[in-house]
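Just below is one structure, and these are the notes that go with it.
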Amino acid sequence: MLDANLKTQLKSYLEKLTQPVEIVSSVDDSAKSNEMTAMLRDIAELSDLISLTERRDDAERKPSFSINRAGGKIDIRFAAIPMGHEFTSLVLALLQVGGHPPKAEPEVLEQIRALDGTFRFETYISLSCQNCPEVVQALNLMSTLNPGISHVMIDGALFQDEVNSRRIMAVPTIYLNGELFGQGRMGLKEILGKIDTGGARREADKISAKEPFDVLVIGGGPAGAAAAIYTARKGIRIGLIAENFGGQVLNTLAIENLIGVKETEGPKLASALEENVRSYDVDVMLPQRAEKLIPGDLIEIRLASGASVKSKTVILATGARWRQLGVPGEQEYMAKGVAFCPHCDGPLFKGKNIAVVGGGNSAVEAAIDLAGIVNHVTMLVRNTHLRADTVLQKKMLSLPNLTLETQAQIIEIAGDDGRVNGITYQDRATGTNRHLALDGVFVQIGLDPITGWLADSVELNQHGEIVVDSHGRTSIPGVFAAGDATSGPYKQIIVSMGDGAKAALSAFDHLIRN
């Protein structure tokens, strides 16, 4: 099951185990059970501290397996064959259950241990989802530290009947004690904040008590990370506020145009950005969302948590998010058939009929990927032609289960019984309306800057982008901006990094002159 190279790497990691680890599998005679059994046997052979017990007569999901410390009360289960993005989740679970210390702040670990109550988490994932591992790893860590917490990760593609019965149409989807807890990427602190509201209030008070910064960066993507690093190297007091590290990078699989890096993946780059920033003296405040900017001698940033932070200068690097269609039904059926990430949510639509809306490279790449999973893809393009690269168009149009509809203006996304069941669009060539029955709509029409909270402060252009000059200066003295949220013409990772560095240098120059 595991190739020789992977076994060698895994063996070196498992040498860090200090306590015996028990793996108990629940299997039947299915091909997937046999596949999982082969993987687990390979793992057990790599360390004398790992034992494997196979069961066929229990009531657990099959195939699945639990990981526990010998004589312990740790309840972690994988109802999946955790390869792909989730293999790291498996390795971390083995290490942490086996006594290897987790990488988290001591106060966070103590907060987890202090949680009182019973918390039964279930997380539905897809193995191609790059956002799911962060949730899985956070909940596994919590289960390792607190016997009142349990977690099972469930592969939606493997347990399709369960996904259908619970009407899950987006991943990650998290249940707590049988009730919907959340959807989408969530970090350890964000999960803790939802179940320990007292802890969230204490964190907000802690942030508000901080002394004013010299530079405060808002955003943890490539622009924000570059700004933080360049500022920190000047030896001044710097803070960084973000909901996460990576931003849009987290939703990017293959990155092949970052100079000096032959190829990488978005989550790996996001992890590298965080590691690089934290190697400097930067006060990182996660997960926090800025809600208001108030100009003054000291610029004030108010946060959704209720905290308030002040700084002599601010660098806005808030990035962008998926652009929405803005039609009836879109908000109502968000995560109930309306999706934006084909890599994350595509496996949940296996064998179904879906539409992809958009005509650029992202839309065509999404259609190509989804065509290998779903029954049929209808490509809906507003213009008379596709804008994607010719090589991508040729590949897409060669697919037997894909139909291209041009001059299609989306009017409404329809649904019934809590999920999407069709889309209505106007044929702009004839003016007639058409209805298409389907199970999901993947919207791929570009990005919108995350700047709505700035509308009453800095100058924005007609696209909602922050207007900046050649030095990254905004309309407010002492406030700078960088990356995809600005009026800069090119939205690329390397451009955002350069913007962040430039804004940092400009902010430092501003401090010197004032």
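Scheme for the structure tokens: letters A, B, ... for chains in order shown; per-chain residue numbers from 1; ligand numbers from 1 in order shown.
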Discussion item. Give me the residues near Leu348 in chain A as a list in words, where near means some atom within 10 Å (using only C-alpha atoms) and where sequence neighbours in that chain fewer than 4 positions away do not count.
Written reply: Ile125, Ser126, Asp155, Gly156, Ala157, Leu158, Phe159, Gln160, Val163, Asn164, Ile168, Met169, Ala170, Val171, Gly337, Pro342, Cys344, Lys352, Ile373, Val374 and Gly440 of chain A
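Residues with any atom within 12 Å of Leu10 in chain A, counting only C-alpha atoms and excluding same-chain neighbours fewer than 3 positions away, are Leu2, Asp3, Ala4, Asn5, Leu6, Lys7, Tyr13, Leu14, Glu15, Lys16, Leu17, Asp42, Ile43, Ala44, Glu45, Leu46, Ser47, Phe87, Thr88, Leu90, Val91, Leu92, Leu94 and Leu95 of chain A.
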Item to complete: Taking the chain letters and numbering used in this document, name the residues of range 189-374 of chain A that DSSP puts in alpha helix (DSSP H), as number ranges by chain.
Response: A: 189-195, 197-208, 222-232, 266-278, 342-345, 361-371
Fill in: Selection: 7 Å around range 366-369 of chain A, only C-alpha atoms, excl. self and same-chain fewer than 4 positions, as a PyMOL selection string
chain A and resi 342+356+362+377+396
Those selected residues, please, written with C-alpha atoms and delivered as a short mmCIF file (atom, residue, chain, number, x, y, z; two decimals), in the first residue's frame.
```cif
data_model
loop_
_atom_site.label_atom_id
_atom_site.label_comp_id
_atom_site.auth_asym_id
_atom_site.auth_seq_id
_atom_site.Cartn_x
_atom_site.Cartn_y
_atom_site.Cartn_z
CA PRO A 342 -14.06 22.09 -6.94
CA VAL A 356 -19.72 25.40 -13.76
CA SER A 362 -10.12 28.69 -13.13
CA VAL A 377 -20.85 19.07 -16.47
CA MET A 396 -12.14 20.62 -21.80
#
```
Go through range 286-308 of chain A and flag each residue having an atom no more than 12 Å from range 220-237 of chain A; for those, report the closest pair of atoms plus their distance in Å to one decimal, using only C-alpha atoms, ordered by chain and rising number, as a Markdown table.
```
| residue | atom | partner | partner_atom | distance |
| --- | --- | --- | --- | --- |
| A:Leu286 | CA | A:Gly220 | CA | 9.3 |
| A:Pro287 | CA | A:Gly220 | CA | 10.1 |
| A:Gln288 | CA | A:Gly220 | CA | 10.6 |
| A:Arg289 | CA | A:Gly220 | CA | 11.0 |
```
Taking C-alpha atoms for each residue, export the selection above as an mmCIF file, in the first residue's frame.
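Result file follows (again_23.cif):
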```cif
data_model
loop_
_atom_site.group_PDB
_atom_site.id
_atom_site.type_symbol
_atom_site.label_atom_id
_atom_site.label_comp_id
_atom_site.auth_asym_id
_atom_site.auth_seq_id
_atom_site.Cartn_x
_atom_site.Cartn_y
_atom_site.Cartn_z
ATOM 1 C CA LEU A 286 -5.170 34.764 15.121
ATOM 2 C CA PRO A 287 -7.983 34.178 14.301
ATOM 3 C CA GLN A 288 -9.159 37.772 14.298
ATOM 4 C CA ARG A 289 -11.225 39.738 11.755
#
```
Would you tabulate, counting only C-alpha atoms, all residues of range 141-220 of chain A that have an atom at most 12 Å from an atom of range 257-279 of chain A, showing the closest pair of atoms and their distance in Å to one decimal, sorted by chain then ascending number, as a Markdown table?
```
| residue | atom | partner | partner_atom | distance |
| --- | --- | --- | --- | --- |
| A:Arg185 | CA | A:Pro267 | CA | 11.8 |
| A:Val217 | CA | A:Val277 | CA | 11.6 |
| A:Gly219 | CA | A:Glu274 | CA | 11.6 |
| A:Gly220 | CA | A:Glu274 | CA | 8.0 |
```
Residue selection dump (N, CA and C atoms) as a CSV table (one decimal), in the first residue's frame:
```csv
chain,number,residue,atom,x,y,z
A,185,ARG,N,-13.1,26.0,6.4
A,185,ARG,CA,-11.8,25.9,7.1
A,185,ARG,C,-11.9,26.6,8.5
A,217,VAL,N,-0.1,45.0,10.6
A,217,VAL,CA,-0.5,44.4,9.3
A,217,VAL,C,-1.8,43.7,9.5
A,219,GLY,N,-3.9,41.0,7.7
A,219,GLY,CA,-3.9,40.0,6.6
A,219,GLY,C,-2.8,39.1,6.7
A,220,GLY,N,-3.0,37.8,6.4
A,220,GLY,CA,-2.0,36.8,6.6
A,220,GLY,C,-1.6,36.0,5.3
```
Worksheet item: Counting only C-alpha atoms, which of A:Ile512, A:Cys129, A:Val135, A:Val282 gets nearest to Pro347 in chain A?
Response: A:Cys129
Practice prompt. Mind listing the strand (DSSP E) residues of range 302-360 of chain A, per DSSP on the backbone, as a PyMOL selection string?
Written response: chain A and resi 302-303+308-316+320-322+338-339+353-357
Residue subset to file, keeping all heavy atoms, as a compact mmCIF listing (two decimals), in the first residue's frame:
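Final output, saved to selection_3.txt:
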```txt
# COMPACT_ATOMS: atom_id res chain seq x y z
N ARG A 302 -10.72 48.15 14.97
CA ARG A 302 -11.66 47.41 15.82
C ARG A 302 -11.93 46.04 15.20
O ARG A 302 -12.12 45.92 13.99
CB ARG A 302 -12.96 48.20 15.98
CG ARG A 302 -12.76 49.49 16.77
CD ARG A 302 -14.05 50.25 16.97
NE ARG A 302 -13.82 51.50 17.69
CZ ARG A 302 -14.74 52.42 17.88
NH1 ARG A 302 -15.98 52.25 17.44
NH2 ARG A 302 -14.44 53.54 18.54
N LEU A 303 -11.98 45.04 16.05
CA LEU A 303 -12.11 43.66 15.61
C LEU A 303 -13.50 43.10 15.92
O LEU A 303 -14.20 43.59 16.80
CB LEU A 303 -11.05 42.80 16.28
CG LEU A 303 -9.60 43.30 16.19
CD1 LEU A 303 -8.66 42.34 16.89
CD2 LEU A 303 -9.20 43.48 14.74
N SER A 308 -9.84 46.00 20.38
CA SER A 308 -9.43 47.20 19.65
C SER A 308 -7.91 47.30 19.73
O SER A 308 -7.33 47.11 20.81
CB SER A 308 -10.07 48.44 20.27
OG SER A 308 -9.61 49.61 19.63
N VAL A 309 -7.27 47.57 18.58
CA VAL A 309 -5.82 47.66 18.51
C VAL A 309 -5.44 49.00 17.89
O VAL A 309 -6.09 49.46 16.95
CB VAL A 309 -5.23 46.52 17.65
CG1 VAL A 309 -3.71 46.46 17.81
CG2 VAL A 309 -5.85 45.20 18.01
N LYS A 310 -4.36 49.62 18.40
CA LYS A 310 -3.92 50.90 17.85
C LYS A 310 -2.49 50.78 17.34
O LYS A 310 -1.69 49.99 17.85
CB LYS A 310 -4.01 51.98 18.93
CG LYS A 310 -5.45 52.31 19.32
CD LYS A 310 -5.52 53.45 20.33
CE LYS A 310 -6.98 53.77 20.67
NZ LYS A 310 -7.09 54.88 21.64
N SER A 311 -2.19 51.62 16.33
CA SER A 311 -0.86 51.58 15.72
C SER A 311 -0.54 52.92 15.07
O SER A 311 -1.44 53.66 14.66
CB SER A 311 -0.79 50.46 14.68
OG SER A 311 0.49 50.39 14.10
N LYS A 312 0.76 53.21 14.97
CA LYS A 312 1.19 54.44 14.30
C LYS A 312 0.96 54.34 12.79
O LYS A 312 0.64 55.33 12.13
CB LYS A 312 2.67 54.70 14.59
CG LYS A 312 2.97 54.95 16.06
CD LYS A 312 4.47 55.07 16.29
CE LYS A 312 4.79 55.22 17.78
NZ LYS A 312 6.26 55.26 18.01
N THR A 313 1.15 53.16 12.24
CA THR A 313 0.88 52.92 10.81
C THR A 313 0.17 51.57 10.66
O THR A 313 0.29 50.69 11.52
CB THR A 313 2.17 52.89 9.98
OG1 THR A 313 3.00 51.80 10.44
CG2 THR A 313 2.94 54.20 10.06
N VAL A 314 -0.56 51.43 9.55
CA VAL A 314 -1.29 50.19 9.26
C VAL A 314 -1.04 49.79 7.82
O VAL A 314 -1.01 50.65 6.92
CB VAL A 314 -2.81 50.38 9.50
CG1 VAL A 314 -3.60 49.19 8.96
CG2 VAL A 314 -3.10 50.57 10.98
N ILE A 315 -0.83 48.51 7.59
CA ILE A 315 -0.72 47.96 6.23
C ILE A 315 -1.91 47.03 6.00
O ILE A 315 -2.06 46.02 6.69
CB ILE A 315 0.60 47.21 6.03
CG1 ILE A 315 1.79 48.16 6.21
CG2 ILE A 315 0.63 46.57 4.63
CD1 ILE A 315 3.14 47.47 6.16
N LEU A 316 -2.76 47.38 5.05
CA LEU A 316 -3.95 46.59 4.73
C LEU A 316 -3.59 45.56 3.65
O LEU A 316 -3.24 45.91 2.52
CB LEU A 316 -5.07 47.50 4.22
CG LEU A 316 -5.51 48.60 5.20
CD1 LEU A 316 -6.43 49.59 4.50
CD2 LEU A 316 -6.19 48.00 6.42
N ALA A 320 -8.61 38.79 -1.17
CA ALA A 320 -9.87 38.70 -1.91
C ALA A 320 -10.54 37.37 -1.62
O ALA A 320 -9.93 36.45 -1.08
CB ALA A 320 -9.61 38.85 -3.41
N ARG A 321 -11.83 37.28 -1.98
CA ARG A 321 -12.59 36.04 -1.81
C ARG A 321 -13.33 35.75 -3.11
O ARG A 321 -13.42 36.59 -4.00
CB ARG A 321 -13.57 36.16 -0.65
CG ARG A 321 -14.62 37.23 -0.82
CD ARG A 321 -15.75 37.06 0.21
NE ARG A 321 -15.27 37.23 1.56
CZ ARG A 321 -15.29 38.39 2.22
NH1 ARG A 321 -15.75 39.50 1.63
NH2 ARG A 321 -14.86 38.48 3.46
N TRP A 322 -13.90 34.55 -3.19
CA TRP A 322 -14.64 34.16 -4.39
C TRP A 322 -15.73 35.18 -4.70
O TRP A 322 -16.49 35.58 -3.83
CB TRP A 322 -15.31 32.78 -4.20
CG TRP A 322 -14.36 31.63 -3.96
CD1 TRP A 322 -14.23 30.91 -2.82
CD2 TRP A 322 -13.45 31.07 -4.89
NE1 TRP A 322 -13.28 29.94 -2.97
CE2 TRP A 322 -12.79 30.01 -4.24
CE3 TRP A 322 -13.12 31.35 -6.22
CZ2 TRP A 322 -11.82 29.23 -4.87
CZ3 TRP A 322 -12.15 30.59 -6.85
CH2 TRP A 322 -11.51 29.54 -6.18
N VAL A 338 -24.56 25.12 -3.92
CA VAL A 338 -23.75 26.21 -4.47
C VAL A 338 -22.36 26.10 -3.86
O VAL A 338 -22.21 26.14 -2.63
CB VAL A 338 -24.35 27.59 -4.16
CG1 VAL A 338 -23.43 28.70 -4.64
CG2 VAL A 338 -25.71 27.73 -4.82
N ALA A 339 -21.34 25.93 -4.70
CA ALA A 339 -19.98 25.69 -4.22
C ALA A 339 -19.00 26.56 -5.00
O ALA A 339 -19.30 27.07 -6.08
CB ALA A 339 -19.62 24.22 -4.37
N ASN A 353 -25.19 15.57 -11.70
CA ASN A 353 -25.11 16.56 -12.77
C ASN A 353 -24.87 17.94 -12.15
O ASN A 353 -25.59 18.34 -11.25
CB ASN A 353 -26.39 16.58 -13.59
CG ASN A 353 -26.65 15.25 -14.28
OD1 ASN A 353 -25.74 14.58 -14.74
ND2 ASN A 353 -27.91 14.84 -14.33
N ILE A 354 -23.86 18.64 -12.66
CA ILE A 354 -23.53 19.94 -12.09
C ILE A 354 -23.27 20.95 -13.20
O ILE A 354 -23.10 20.59 -14.37
CB ILE A 354 -22.31 19.86 -11.14
CG1 ILE A 354 -21.05 19.38 -11.89
CG2 ILE A 354 -22.60 18.91 -9.99
CD1 ILE A 354 -20.13 20.47 -12.31
N ALA A 355 -23.22 22.23 -12.82
CA ALA A 355 -22.87 23.30 -13.74
C ALA A 355 -21.66 24.03 -13.20
O ALA A 355 -21.49 24.15 -11.98
CB ALA A 355 -24.03 24.27 -13.93
N VAL A 356 -20.81 24.51 -14.11
CA VAL A 356 -19.72 25.40 -13.76
C VAL A 356 -20.00 26.73 -14.44
O VAL A 356 -20.24 26.78 -15.66
CB VAL A 356 -18.36 24.86 -14.22
CG1 VAL A 356 -17.25 25.90 -13.98
CG2 VAL A 356 -18.03 23.57 -13.48
N VAL A 357 -19.99 27.82 -13.68
CA VAL A 357 -20.27 29.15 -14.22
C VAL A 357 -18.96 29.93 -14.30
O VAL A 357 -18.29 30.13 -13.29
CB VAL A 357 -21.29 29.91 -13.35
CG1 VAL A 357 -21.59 31.27 -13.95
CG2 VAL A 357 -22.57 29.10 -13.20
```
Practice prompt. Please provide the set of residues having any atom within 9 Å of Phe480 in chain A, restricted to only C-alpha atoms, with same-chain residues fewer than 5 positions apart removed, written as a list in words.
Written response: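 With the cut-off at 9 Å, the set is Thr313, Val314, Ile315, Leu316, Ala317, Val468, His471, Gly472, Arg473, Thr474, Ser475, Ala503, Ala504, Ser506 and Ala507 of chain A.
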Worksheet item: Using only C-alpha atoms, which of A:Ile450, A:Ile445, A:Val364, A:Val420 sits nearest Leu392 in chain A?
Response: A:Val364
Discussion item. Need the shell around Ile207 in chain A: protein/DNA/RNA residues with any atom at most 8 Å away, counting only C-alpha atoms. Skip same-chain ones fewer than 3 positions apart. Format as a ChimeraX atom specification?
Written reply: /A:203-204,210,285,307-309
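CA of Leu404 in chain A to CA of Leu386 in chain A spans 9.6 Å [interatomic distance, one decimal].
Of the listed residues (A:Gly488, A:Lys394, A:Gly452, A:Tyr333), A:Tyr333 comes nearest to Gly415 in chain A; the distances count only C-alpha atoms.
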Practice prompt. Work out how far apart CA of Pro400 in chain A and CA of Gly351 in chain A are and give it in Å to one decimal.
Written response: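 Between CA of Pro400 in chain A and CA of Gly351 in chain A the gap is 14.4 Å.
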Worksheet entry | Distance in Å - CA of Glu60 in chain A versus CA of Glu122 in chain A |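 Spanning CA of Glu60 in chain A to CA of Glu122 in chain A is a straight-line distance of 13.4 Å.
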